[in-house]
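Enquirer: This structure is in structure tokens; I'll ask about it shortly.
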Amino acid sequence: MATRYGHAWVSQYGAEPSGIGGAEWAETLAGLALEQIGAGFAADRARGAEWPPSAPLFRSLCLAIPGFAQIRRSIVAKDRTPFMRLVWQHIDGYRFSRADQTVADRMLRDAYEIARDHVMRGGALPPEPVAEIAPPVAKGMPATEQTARQHLDNLAKLFGSEP
């Protein structure tokens with residue numbers, strides 16, 4: 001991080017990992033696998049920020065927790081990532097679908113914060129669904145000739161034309 005951020009990192013956390021900053025980062029990243037920390041470095045690089053992340057932000061990057069703006073876009077795109085499914089577990093879908101934009105945004109933010117806190121504390125994401133319940137398919141029956149004729153006659157009368 002000192003190589004990536006230079007003075008911005010050193011002035012905030014010091015040049016040596018043995019200080020208070022190093023202890024905080026060690027405690028914050030405890031329990032993460034090496035692959036997760038590598039993913040955090042890649043995500044931080046992709047972030048393109050000029051200022052180093054805080055330890056909690058870096059942990060969220062290691063755990064691939066998307067930002068709130070991404071969650072808002074996922075709602076529109078109907079993405080069903082594991083994290084998005086976790087967010088949906090904390091939303092009352094009926095109320096959400098009928099809420100105005102301000103209320104829906106607050107509901108989404110609350111659900112996002114609960115899901116983020118769950119993952120940051122080491123909680124698991126929901127497993128992939130094994131199946132999807134398909135909506136019922138209405139099976140139509142062709143109208144009898146008599147029923148069709150009645151409807152055509154009614155339409156003709158409505159439009160003032162010959163049947």
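How things are named: the first chain in the structure tokens is A, the next is B, and so on; residues count from 1 in each chain; ligands count from 1 in the order shown.
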Env of Ile37 of chain A: 10 Å cut, atoms = only C-alpha atoms, seq-sep filter 4 positions within chain, self excluded. Answer as a PyMOL selection string.

Expert: chain A and resi 29+32-33+41-43+58-59+61-63

Enquirer: Would you mind exporting the chosen residues as a compact mmCIF listing (two decimals), in the first residue's frame, restricted to N, CA and C atoms?

Expert:
# COMPACT_ATOMS: atom_id res chain seq x y z
N LEU A 29 -8.33 -7.32 9.08
CA LEU A 29 -8.21 -8.33 8.02
C LEU A 29 -8.08 -9.75 8.56
N LEU A 32 -9.30 -13.49 6.99
CA LEU A 32 -9.43 -13.52 5.54
C LEU A 32 -8.37 -14.43 4.93
N ALA A 33 -8.74 -15.12 3.88
CA ALA A 33 -7.80 -15.97 3.16
C ALA A 33 -6.90 -15.11 2.28
N PHE A 41 -6.80 -6.30 -3.10
CA PHE A 41 -5.82 -5.45 -3.79
C PHE A 41 -6.25 -5.18 -5.23
N ALA A 42 -6.77 -6.21 -5.90
CA ALA A 42 -7.25 -6.02 -7.28
C ALA A 42 -8.42 -5.05 -7.32
N ALA A 43 -9.35 -5.19 -6.39
CA ALA A 43 -10.52 -4.30 -6.35
C ALA A 43 -10.09 -2.87 -6.02
N PHE A 58 -11.28 -1.62 2.90
CA PHE A 58 -10.46 -2.64 2.25
C PHE A 58 -11.00 -4.04 2.54
N ARG A 59 -11.47 -4.27 3.76
CA ARG A 59 -12.08 -5.57 4.08
C ARG A 59 -13.30 -5.82 3.19
N LEU A 61 -13.74 -4.67 0.24
CA LEU A 61 -13.22 -4.97 -1.10
C LEU A 61 -12.74 -6.42 -1.16
N CYS A 62 -12.11 -6.89 -0.10
CA CYS A 62 -11.65 -8.30 -0.05
C CYS A 62 -12.82 -9.27 -0.11
N LEU A 63 -13.94 -8.89 0.48
CA LEU A 63 -15.11 -9.75 0.53
C LEU A 63 -16.05 -9.54 -0.66

Enquirer: Please report the interatomic distance between atom CA of Gly22 of chain A and atom CA of Gly67 of chain A in Å with one decimal.

Expert: 25.3 Å

Enquirer: Find the residues around segment 123-140 of chain A up to 12 Å (only C-alpha atoms counted), leave out those fewer than 4 positions away in its own chain, and share them as JSON, numbers by chain.

Expert: {"A": [63, 64, 65, 80, 81, 82, 83, 84, 85, 86, 87, 88, 89, 114, 115, 116, 117, 118, 119]}

Enquirer: Can you pull out every residue within 12 Å of Ser97 of chain A, counting only C-alpha atoms, but drop anything in the same chain fewer than 5 positions away, and send it as a tab-separated table (two decimals) with N, CA and C atoms, in the first residue's frame?

Expert:
chain	number	residue	atom	x	y	z
A	75	ILE	N	-30.92	-3.68	-8.85
A	75	ILE	CA	-32.38	-3.76	-8.72
A	75	ILE	C	-33.01	-3.56	-10.09
A	91	ILE	N	-35.86	-7.30	2.53
A	91	ILE	CA	-36.80	-6.33	1.97
A	91	ILE	C	-38.18	-6.98	1.90
A	92	ASP	N	-39.18	-6.24	2.33
A	92	ASP	CA	-40.56	-6.67	2.15
A	92	ASP	C	-40.94	-6.32	0.71
A	103	VAL	N	-39.08	6.22	-0.13
A	103	VAL	CA	-39.27	5.12	0.82
A	103	VAL	C	-38.57	3.86	0.31
A	104	ALA	N	-38.69	3.57	-0.98
A	104	ALA	CA	-38.04	2.39	-1.55
A	104	ALA	C	-36.53	2.49	-1.42
A	105	ASP	N	-35.98	3.67	-1.63
A	105	ASP	CA	-34.54	3.87	-1.50
A	105	ASP	C	-34.09	3.64	-0.06
A	107	MET	N	-35.64	1.73	2.17
A	107	MET	CA	-35.76	0.29	2.42
A	107	MET	C	-34.56	-0.45	1.85
A	108	LEU	N	-34.16	-0.07	0.64
A	108	LEU	CA	-33.02	-0.72	0.00
A	108	LEU	C	-31.73	-0.45	0.76

Enquirer: Residues of chain A in alpha helix (DSSP H) according to DSSP, as a ChimeraX atom specification?

Expert: /A:2-5,7-13,20-29,34-47,55-62,68-77,82-88,93-98,101-120,145-159

Enquirer: Which residue out of A:Thr144, A:Gln70, A:Asn154, A:Thr28 has the minimum interatomic distance to Arg109 of chain A when only C-alpha atoms are used?

Expert: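 Comparing A:Thr144, A:Gln70, A:Asn154, A:Thr28 against Arg109 of chain A, the winner is A:Gln70.
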
Enquirer: Would you work out the distance separating atom CA of Met120 of chain A from atom CA of Ala23 of chain A, expressed in Å to one decimal?

Expert: 18.2 Å

Enquirer: Between atom CA of Leu155 of chain A and atom CA of Met141 of chain A, what is the distance, to one decimal in Å?

Expert: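 Pair atom CA of Leu155 of chain A / atom CA of Met141 of chain A returns 20.6 Å.
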
Enquirer: Which polymer residues have any atom within 12 Å of an atom of Ser54 of chain A, counting only C-alpha atoms, with same-chain residues fewer than 2 positions away left out, as an MDAnalysis selection string?

Expert: chainID A and resid 1 8:9 12:13 21:22 24:25 28:29 44 49 51:52 56:61

Enquirer: Which residue out of A:Arg4, A:His90, A:Arg73, A:Arg98 has the minimum interatomic distance to Glu50 of chain A when only C-alpha atoms are used?

Expert: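 Closest to Glu50 of chain A, using only C-alpha atoms: A:Arg4.
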